[in-house]
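Pasted below: entry_4.txt, compact mmCIF, C-alpha atoms.
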```
# COMPACT_ATOMS: atom_id res chain seq x y z
CA MET A 1168 160.36 -192.77 143.14
CA THR A 1169 158.44 -193.63 146.27
CA GLY A 1170 158.48 -192.59 149.89
CA PRO A 1171 156.24 -191.29 152.68
CA ALA A 1172 154.00 -188.45 151.62
CA VAL A 1173 154.71 -185.02 153.05
CA PRO A 1174 151.60 -182.91 153.82
CA ARG A 1175 151.35 -179.93 151.50
CA PRO A 1176 149.16 -176.96 152.38
CA ALA A 1177 147.03 -175.83 149.48
CA ALA A 1178 148.10 -172.55 147.87
CA PRO A 1179 145.44 -170.28 146.43
CA PRO A 1180 145.65 -169.49 142.70
CA THR A 1181 147.30 -166.14 143.47
CA GLY A 1182 149.89 -167.64 145.85
CA TYR A 1183 153.40 -168.82 145.12
CA ASP A 1184 154.80 -172.28 145.62
CA VAL A 1185 158.01 -170.90 147.13
CA LEU A 1186 158.99 -167.55 148.61
CA VAL A 1187 162.67 -166.92 149.32
CA LEU A 1188 163.55 -164.29 151.90
CA GLY A 1189 167.07 -162.96 152.08
CA GLU A 1190 170.04 -161.25 150.56
CA VAL A 1191 171.06 -160.75 146.94
CA LEU A 1192 174.71 -159.98 146.27
CA VAL A 1193 176.86 -158.67 143.46
CA GLU A 1194 179.43 -161.36 142.79
CA VAL A 1195 182.88 -160.49 141.41
CA HIS A 1196 185.07 -163.38 140.24
CA ALA A 1197 188.80 -162.83 140.36
CA GLY A 1198 190.82 -164.43 137.61
CA THR A 1199 193.37 -165.73 140.11
CA ALA A 1200 193.70 -166.75 143.76
CA LEU A 1201 193.00 -163.70 145.91
CA ARG A 1202 196.42 -163.81 147.54
CA ASP A 1203 197.94 -163.56 144.05
CA ALA A 1204 195.74 -160.68 142.81
CA VAL A 1205 197.75 -157.79 141.39
CA ASP A 1206 197.03 -154.56 139.58
CA GLY A 1207 195.31 -155.57 136.35
CA THR A 1208 193.99 -158.96 137.51
CA PRO A 1209 190.89 -159.68 135.37
CA ALA A 1210 187.50 -160.10 137.03
CA ARG A 1211 183.93 -160.97 136.01
CA ILE A 1212 180.66 -159.67 137.49
CA SER A 1213 177.68 -161.91 138.18
CA TYR A 1214 174.94 -162.14 140.83
CA SER A 1215 174.42 -164.48 143.75
CA GLY A 1216 173.65 -164.50 147.47
CA ASP A 1217 172.03 -167.44 149.23
CA ALA A 1218 168.51 -166.14 148.59
CA LEU A 1219 169.01 -165.72 144.85
CA ASN A 1220 170.75 -169.10 144.60
CA ALA A 1221 167.89 -170.88 146.35
CA ALA A 1222 165.21 -168.97 144.43
CA ALA A 1223 166.83 -169.79 141.08
CA ALA A 1224 166.96 -173.47 142.03
CA ALA A 1225 163.32 -173.49 143.15
CA ALA A 1226 162.20 -171.88 139.91
CA ALA A 1227 164.24 -174.34 137.85
CA ALA A 1228 162.60 -177.19 139.78
CA GLY A 1229 159.20 -176.02 138.53
CA ALA A 1230 157.93 -173.91 141.43
CA ARG A 1231 156.26 -170.53 141.13
CA THR A 1232 158.91 -168.59 142.99
CA ALA A 1233 159.17 -165.03 144.27
CA LEU A 1234 162.10 -163.23 145.85
CA LEU A 1235 161.49 -161.19 149.00
CA ALA A 1236 164.53 -158.94 149.37
CA VAL A 1237 165.75 -155.37 149.62
CA VAL A 1238 168.11 -154.15 146.91
CA GLY A 1239 170.03 -150.92 146.62
CA ASP A 1240 169.81 -147.74 144.61
CA ASP A 1241 173.13 -148.15 142.80
CA GLU A 1242 173.50 -148.83 139.08
CA LEU A 1243 173.94 -152.57 139.56
CA SER A 1244 170.38 -153.06 140.84
CA VAL A 1245 168.96 -153.09 137.30
CA PRO A 1246 171.15 -155.92 135.94
CA LEU A 1247 170.87 -157.73 139.28
CA LEU A 1248 167.08 -157.88 139.09
CA ARG A 1249 167.19 -158.60 135.38
CA ARG A 1250 169.36 -161.64 136.07
CA ALA A 1251 166.97 -162.88 138.74
CA ALA A 1252 164.06 -162.55 136.32
CA GLU A 1253 166.03 -164.41 133.64
CA LEU A 1254 166.37 -167.25 136.14
CA GLY A 1255 162.56 -167.47 136.39
CA VAL A 1256 162.20 -165.67 139.71
CA ASP A 1257 159.42 -163.11 140.26
CA VAL A 1258 161.10 -159.91 141.48
CA SER A 1259 157.98 -157.73 141.52
CA HIS A 1260 157.86 -157.72 145.33
CA VAL A 1261 161.49 -156.69 145.87
CA ARG A 1262 161.88 -153.44 147.82
CA ARG A 1263 164.47 -150.66 147.35
CA ALA A 1264 166.62 -148.85 149.90
CA PRO A 1265 168.95 -145.84 149.52
CA HIS A 1266 172.02 -147.98 150.18
CA PRO A 1267 174.51 -149.85 148.00
CA ASN A 1268 174.03 -153.51 147.21
CA GLY A 1269 176.17 -155.95 149.14
CA ALA A 1270 179.01 -157.50 147.17
CA TYR A 1271 181.73 -160.10 147.45
CA LEU A 1272 184.94 -160.98 145.68
CA LEU A 1273 185.39 -164.68 144.95
CA SER A 1274 188.12 -166.93 143.67
CA ALA A 1275 187.76 -170.67 143.08
CA ASP A 1276 190.24 -173.11 141.61
CA THR A 1277 189.50 -176.23 139.57
CA GLU A 1278 189.51 -178.32 142.76
CA GLY A 1279 186.63 -176.28 144.13
CA ASP A 1280 188.60 -174.51 146.86
CA ARG A 1281 187.21 -171.04 147.47
CA ALA A 1282 188.14 -167.73 149.07
CA PHE A 1283 185.83 -164.77 149.70
CA VAL A 1284 186.03 -161.09 150.61
CA TYR A 1285 182.67 -159.46 151.47
CA TRP A 1286 181.37 -155.86 151.54
CA ARG A 1287 178.10 -155.79 153.48
CA THR A 1288 178.29 -152.96 156.00
CA ARG A 1289 175.14 -150.80 155.68
CA SER A 1290 174.12 -152.68 152.57
CA ALA A 1291 170.59 -152.53 151.22
CA GLY A 1292 170.04 -156.16 152.19
CA SER A 1293 170.86 -155.42 155.81
CA THR A 1294 167.94 -152.97 156.03
CA LEU A 1295 165.41 -155.82 155.81
CA SER A 1296 162.97 -155.37 158.69
CA VAL A 1297 159.63 -156.42 160.14
CA ARG A 1298 158.13 -153.48 158.27
CA HIS A 1299 158.93 -155.30 155.04
CA ILE A 1300 157.51 -158.53 156.43
CA ALA A 1301 154.26 -156.73 157.23
CA SER A 1302 154.05 -155.48 153.64
CA TRP A 1303 154.50 -159.06 152.39
CA ARG A 1304 152.07 -160.64 154.83
CA HIS A 1305 149.51 -161.49 152.13
CA LEU A 1306 152.22 -163.35 150.22
CA LEU A 1307 153.52 -165.18 153.27
CA THR A 1308 150.08 -166.34 154.36
CA GLY A 1309 148.95 -167.25 150.83
CA SER A 1310 151.94 -169.23 149.57
CA THR A 1311 153.02 -172.79 150.19
CA ALA A 1312 156.62 -172.56 151.39
CA LEU A 1313 159.28 -170.15 152.63
CA VAL A 1314 163.06 -170.51 152.37
CA THR A 1315 165.30 -168.36 154.55
CA SER A 1316 168.64 -168.62 156.34
CA GLY A 1317 170.87 -167.70 159.23
CA ILE A 1318 172.92 -165.50 156.91
CA THR A 1319 169.92 -163.23 156.43
CA GLY A 1320 169.31 -163.22 160.17
CA ALA A 1321 172.93 -162.24 160.83
CA LEU A 1322 173.00 -159.15 158.60
CA SER A 1323 171.56 -156.80 161.22
CA PRO A 1324 169.22 -156.79 164.24
CA SER A 1325 166.34 -155.71 161.98
CA SER A 1326 167.07 -158.57 159.53
CA ARG A 1327 167.13 -161.03 162.40
CA ALA A 1328 163.69 -159.86 163.55
CA ALA A 1329 162.43 -160.03 159.97
CA VAL A 1330 163.53 -163.65 159.49
CA LEU A 1331 161.81 -164.72 162.68
CA ALA A 1332 158.63 -162.77 161.85
CA ALA A 1333 158.44 -164.28 158.37
CA ALA A 1334 158.91 -167.83 159.66
CA GLU A 1335 156.28 -167.31 162.36
CA THR A 1336 153.82 -165.90 159.82
CA VAL A 1337 154.21 -168.79 157.40
CA HIS A 1338 154.10 -171.41 160.13
CA ALA A 1339 150.96 -169.91 161.69
CA ALA A 1340 149.27 -169.98 158.27
CA GLY A 1341 150.03 -173.69 157.88
CA GLY A 1342 152.86 -173.26 155.40
CA HIS A 1343 156.22 -174.98 155.16
CA VAL A 1344 159.45 -173.32 156.33
CA SER A 1345 162.91 -174.40 155.14
CA TYR A 1346 165.81 -172.96 157.11
CA ASP A 1347 169.58 -173.20 156.67
CA PRO A 1348 171.53 -171.89 159.70
CA ASN A 1349 174.52 -171.17 157.40
CA PHE A 1350 176.70 -170.05 160.31
CA ARG A 1351 179.24 -167.39 159.32
CA SER A 1352 181.59 -166.33 162.12
CA ARG A 1353 182.43 -163.07 160.31
CA LEU A 1354 178.77 -162.07 160.45
CA THR A 1355 177.58 -163.21 163.85
CA GLY A 1356 178.60 -164.79 167.13
CA ARG A 1357 177.77 -168.34 168.10
CA GLU A 1358 175.36 -167.35 170.87
CA GLU A 1359 173.35 -165.06 168.60
CA ALA A 1360 173.16 -167.75 165.91
CA ARG A 1361 172.13 -170.38 168.47
CA GLU A 1362 169.40 -168.17 169.87
CA LEU A 1363 167.91 -167.57 166.41
CA LEU A 1364 168.16 -171.28 165.60
CA ALA A 1365 166.36 -172.22 168.82
CA ARG A 1366 163.47 -169.91 167.96
CA ILE A 1367 163.15 -170.95 164.31
CA ALA A 1368 163.77 -174.70 164.54
CA PRO A 1369 160.28 -175.49 165.93
CA LEU A 1370 158.75 -173.63 162.97
CA THR A 1371 160.58 -175.59 160.28
CA GLY A 1372 159.45 -178.41 158.06
CA LEU A 1373 163.01 -178.84 156.75
CA LEU A 1374 166.20 -177.71 158.46
CA LYS A 1375 169.22 -178.10 156.18
CA THR A 1376 172.65 -177.81 157.76
CA SER A 1377 176.29 -178.81 157.34
CA CYS A 1378 178.51 -180.97 159.51
CA PRO A 1379 181.02 -180.26 160.83
CA GLY A 1380 180.72 -176.64 159.60
CA ASP A 1381 177.46 -175.48 161.17
CA ALA A 1382 177.17 -178.32 163.67
CA ARG A 1383 180.36 -177.64 165.62
CA ALA A 1384 179.39 -174.01 166.14
CA LEU A 1385 175.69 -174.48 166.78
CA VAL A 1386 175.16 -177.89 168.41
CA ASP A 1387 178.69 -178.76 169.62
CA THR A 1388 179.37 -181.86 167.56
CA GLY A 1389 181.18 -183.01 164.45
CA ASP A 1390 179.12 -186.19 164.16
CA PRO A 1391 176.23 -185.96 161.64
CA ARG A 1392 173.93 -188.35 163.53
CA THR A 1393 174.40 -186.53 166.80
CA ALA A 1394 173.93 -183.21 165.03
CA ALA A 1395 170.64 -184.34 163.48
CA ALA A 1396 169.37 -185.52 166.86
CA ARG A 1397 170.28 -182.22 168.52
CA TYR A 1398 168.59 -180.15 165.81
CA ARG A 1399 165.47 -182.27 166.18
CA ALA A 1400 165.60 -181.80 169.94
CA LEU A 1401 165.30 -178.08 169.25
CA GLY A 1402 161.99 -178.79 167.48
CA ALA A 1403 162.90 -179.28 163.81
CA ARG A 1404 160.66 -181.88 162.21
CA THR A 1405 163.02 -182.98 159.44
CA VAL A 1406 166.78 -182.38 159.36
CA ALA A 1407 169.07 -182.77 156.35
CA VAL A 1408 172.76 -182.82 157.30
CA THR A 1409 175.37 -182.57 154.58
CA ALA A 1410 178.52 -184.41 155.65
CA GLY A 1411 181.11 -183.53 153.04
CA ALA A 1412 180.52 -183.28 149.31
CA ASP A 1413 179.24 -186.83 148.82
CA ARG A 1414 176.93 -187.70 151.72
CA LEU A 1415 173.69 -186.45 153.25
CA LEU A 1416 172.03 -187.76 156.40
CA LEU A 1417 168.26 -187.31 156.69
CA ASP A 1418 166.47 -187.45 160.02
CA GLU A 1419 162.69 -187.47 159.63
CA ASP A 1420 160.85 -187.74 162.93
CA GLY A 1421 163.76 -189.73 164.36
CA VAL A 1422 164.10 -192.11 161.39
CA LEU A 1423 167.61 -191.86 159.93
CA THR A 1424 168.49 -192.54 156.30
CA CYS A 1425 171.78 -191.95 154.49
CA HIS A 1426 171.88 -190.61 150.96
CA SER A 1427 174.89 -190.50 148.66
CA VAL A 1428 175.29 -187.47 146.40
CA PRO A 1429 175.82 -188.10 142.67
CA VAL A 1430 179.42 -187.45 141.70
CA ASN A 1431 180.07 -184.62 139.26
CA PRO A 1432 183.39 -185.11 137.48
CA ASP A 1433 183.28 -181.56 136.09
CA LEU A 1434 183.68 -179.66 139.37
CA VAL A 1435 184.33 -175.96 138.81
CA ASP A 1436 182.99 -174.17 141.88
CA ALA A 1437 180.85 -175.38 144.79
CA THR A 1438 179.53 -171.90 145.63
CA GLY A 1439 175.78 -172.10 146.23
CA ALA A 1440 175.48 -175.89 146.06
CA GLY A 1441 173.82 -176.05 149.48
CA ASP A 1442 171.41 -173.30 148.47
CA CYS A 1443 170.63 -175.23 145.29
CA PHE A 1444 169.77 -178.29 147.38
CA THR A 1445 167.48 -176.32 149.68
CA GLY A 1446 165.73 -174.46 146.87
CA THR A 1447 165.18 -177.61 144.81
CA ALA A 1448 164.03 -179.80 147.70
CA THR A 1449 161.66 -177.13 149.01
CA ALA A 1450 160.20 -176.59 145.55
CA ARG A 1451 159.51 -180.27 145.05
CA LEU A 1452 157.91 -180.57 148.49
CA ALA A 1453 155.72 -177.57 147.68
CA LEU A 1454 154.72 -179.22 144.41
CA GLY A 1455 153.62 -182.37 146.26
CA ASP A 1456 156.59 -184.73 145.97
CA THR A 1457 157.49 -187.07 148.80
CA LEU A 1458 160.39 -186.16 151.06
CA ALA A 1459 162.50 -188.98 149.61
CA ASP A 1460 161.97 -187.70 146.08
CA ALA A 1461 162.55 -184.08 147.05
CA VAL A 1462 165.86 -184.97 148.69
CA ALA A 1463 166.94 -187.04 145.69
CA TYR A 1464 166.18 -184.13 143.37
CA GLY A 1465 167.93 -181.71 145.72
CA THR A 1466 171.15 -183.70 145.86
CA ALA A 1467 171.14 -184.19 142.09
CA ALA A 1468 170.62 -180.48 141.41
CA ALA A 1469 173.33 -179.53 143.90
CA SER A 1470 175.77 -181.91 142.24
CA LEU A 1471 175.03 -180.53 138.77
CA SER A 1472 175.28 -176.92 139.96
CA VAL A 1473 179.01 -177.17 140.73
CA SER A 1474 179.75 -177.25 137.00
CA GLY A 1475 179.21 -173.47 136.86
CA ARG A 1476 181.21 -170.65 138.37
CA GLY A 1477 179.50 -168.73 141.15
CA GLY A 1478 176.20 -169.17 142.92
CA THR A 1479 174.05 -168.97 139.79
CA GLY A 1480 176.68 -169.86 137.20
CA TYR A 1481 174.82 -173.06 136.35
CA VAL A 1482 171.28 -173.71 137.50
CA PRO A 1483 170.35 -177.14 136.11
CA PRO A 1484 167.02 -177.51 134.31
CA PHE A 1485 164.71 -179.89 136.11
CA ALA A 1486 164.70 -182.46 133.29
CA ARG A 1487 168.43 -182.93 133.78
CA THR A 1488 168.08 -182.99 137.57
CA ALA A 1489 165.35 -185.63 137.41
CA ALA A 1490 167.34 -187.77 134.98
CA LEU A 1491 170.41 -187.73 137.23
CA ALA A 1492 168.34 -188.49 140.34
CA ALA A 1493 166.72 -191.49 138.62
CA ALA A 1494 170.04 -192.79 137.30
CA HIS A 1495 171.69 -192.42 140.69
CA ARG A 1496 168.90 -194.23 142.48
CA SER A 1497 168.89 -197.10 140.00
CA ALA A 1498 172.65 -197.42 140.32
```

Taking this structure as input, can you express it in the form of structure tokens?
Amino acid sequence: MTGPAVPRPAAPPTGYDVLVLGEVLVEVHAGTALRDAVDGTPARISYSGDALNAAAAAAAAGARTALLAVVGDDELSVPLLRRAAELGVDVSHVRRAPHPNGAYLLSADTEGDRAFVYWRTRSAGSTLSVRHIASWRHLLTGSTALVTSGITGALSPSSRAAVLAAAETVHAAGGHVSYDPNFRSRLTGREEARELLARIAPLTGLLKTSCPGDARALVDTGDPRTAAARYRALGARTVAVTAGADRLLLDEDGVLTCHSVPVNPDLVDATGAGDCFTGTATARLALGDTLADAVAYGTAAASLSVSGRGGTGYVPPFARTAALAAAHRSA
């Protein structure tokens, strides 16, 4: 694969390729549609959250990856962190708080339609603050790339300040910042999300967003090309706009290219597919790949990921991701 080279800041031997800042959640899968749940409906526990999803994808793509998060003091913290470590993510820098872990109830049918119920009020993840960012400063200044999101910034005022502080720290040190606005109306208002976006966009090397989902709320359009232009006008250098399940528009310094997403005939659940794209693409950029290659790997990994249930139900190994990306490009 070929394409324009993307500058990569050098990471010291002790640094990470990718740091992921955000929320980890306990994920409970209902055995039926939520509206049909009754006493005795079976359920399955797993672990997700946009930060864990992206970190797992980055690790699978070959990057040295660490999770920067706050987890709770309940009994589920041990298996939660164990699962993250099993996925290849360094959890040694995760902090604890005397609060429960956030959780959500999920149902997804075979067509990929999803429904969610969240429990986040006063969660451990919402206690993320600039104090934590200060304690991680040596990691943020010594690593190659940071992934974070608008979901993390919407958890609480202290989380919002933490996301901005982390992005500013990495950017000032010459690192790469990937940001997904991930607008969620149940978490934050449009004006608050727009204000955070306006402050972070100029710090980003890659801004990944959805259209019409994020774009209607944040930049007042349902057109992917217009959305990309408006995000770039805010200062983002490169914008990746997902437009449905099968198309991605890339705007790099005003140059637009359209990318089709490989079709996965075994769709089970699309939860975390966008996070998988961001984690994979950021990892490959941090490892020195061109933007074109990184995007191709990201779309391939995202497509493969929907074969599993939940955010980390299936994290494709990079050999499979690379093979699908190559086959899709040749086709």

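As for CA of Arg1383 (chain A) and CA of Arg1327 (chain A), they are spaced 21.5 Å apart.
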
Excluding same-chain residues fewer than 5 positions from Gly1216 (chain A), what lies within 9 Å of it counting only C-alpha atoms, as an NGL selection string?
-> :A and (1189-1194 or 1221 or 1270 or 1439 or 1478-1479)

Taking all atoms listed in the file into account, which of A:Glu1253, A:Asp1460, A:Asp1203, A:Asp1347 comes nearest Thr1445 (chain A)?
->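 When distances to Thr1445 (chain A) are compared using all atoms listed in the file, the smallest one comes from A:Asp1347.
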
A:Ala1494, A:Leu1201, A:Leu1417, A:Pro1483 ranked by distance to Leu1254 (chain A), top pick (using all atoms listed in the file) | A:Pro1483

Near Glu1362 (chain A), within 12 Å and counting only C-alpha atoms, which residues show up once chain neighbours fewer than 6 positions away are dropped, as number ranges by chain?
-> A: 1317, 1320-1321, 1327-1328, 1331, 1348, 1355-1356, 1368, 1385-1386, 1401

Any idea what the distance is between CA of Leu1415 (chain A) and CA of Ala1463 (chain A)?
->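 Computed distance, CA of Leu1415 (chain A) to CA of Ala1463 (chain A), equals 10.2 Å.
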
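Interatomic distance, CA of Gly1342 (chain A) against CA of Ala1218 (chain A): 18.5 Å.
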
Contact check, region 1245-1357 of chain A to region 1235-1239 of chain A, at most 9 Å, counting all atoms listed in the file, closest pairs as a Markdown table:
```
| residue | atom | partner | partner_atom | distance |
| --- | --- | --- | --- | --- |
| A:Leu1247 | CA | A:Val1238 | CA | 8.9 |
| A:Leu1248 | CA | A:Val1238 | CA | 8.7 |
| A:Val1258 | CA | A:Leu1235 | CA | 7.6 |
| A:Ser1259 | CA | A:Leu1235 | CA | 9.0 |
| A:His1260 | CA | A:Leu1235 | CA | 6.2 |
| A:Val1261 | CA | A:Ala1236 | CA | 5.2 |
| A:Arg1262 | CA | A:Val1237 | CA | 4.7 |
| A:Arg1263 | CA | A:Val1238 | CA | 5.1 |
| A:Ala1264 | CA | A:Gly1239 | CA | 5.2 |
| A:Pro1265 | CA | A:Gly1239 | CA | 5.9 |
| A:His1266 | CA | A:Gly1239 | CA | 5.0 |
| A:Pro1267 | CA | A:Gly1239 | CA | 4.8 |
| A:Asn1268 | CA | A:Gly1239 | CA | 4.8 |
| A:Gly1269 | CA | A:Gly1239 | CA | 8.3 |
| A:Ser1290 | CA | A:Gly1239 | CA | 7.4 |
| A:Ala1291 | CA | A:Gly1239 | CA | 4.9 |
| A:Gly1292 | CA | A:Val1237 | CA | 5.1 |
| A:Ser1293 | CA | A:Val1237 | CA | 8.0 |
| A:Thr1294 | CA | A:Val1237 | CA | 7.2 |
| A:Leu1295 | CA | A:Val1237 | CA | 6.2 |
| A:His1299 | CA | A:Val1237 | CA | 8.7 |
| A:Ile1300 | CA | A:Leu1235 | CA | 8.8 |
| A:Trp1303 | CA | A:Leu1235 | CA | 8.1 |
```

In terms of the shortest atom-to-atom distance over all atoms listed in the file, which of A:Ala1210, A:Leu1434, A:Ser1296, A:Ala1227 is closest to Pro1484 (chain A)?
-> A:Ala1227

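Distances here use all atoms listed in the file; by that measure, the residue among A:His1343, A:Arg1211, A:Arg1249, A:Arg1414 closest to Pro1429 (chain A) is A:Arg1414.
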
So which residues touch Val1473 (chain A) within 9 Å, counting all atoms listed in the file, skipping near sequence neighbours fewer than 6 positions away, as a count of residues only?
-> 12

Residue with smallest distance to Val1284 (chain A) - pool A:Leu1364, A:Ala1200, A:Ala1312, A:Val1330, counting all atoms listed in the file |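 Smallest distance to Val1284 (chain A) is found for A:Ala1200.
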
Between A:Leu1416, A:Leu1188, A:Leu1243, A:Val1422, which one has atoms that come closest to Ala1334 (chain A), using all atoms listed in the file?
->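 For Ala1334 (chain A), the nearest of the candidates is A:Leu1188.
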
Hey, can you pull every residue with an atom no more than 7 Å from (159.8, -183.3, 158.3), using all atoms listed in the file, and send it as JSON, numbers by chain?
-> {"A": [1372, 1373, 1404, 1405, 1419, 1420]}
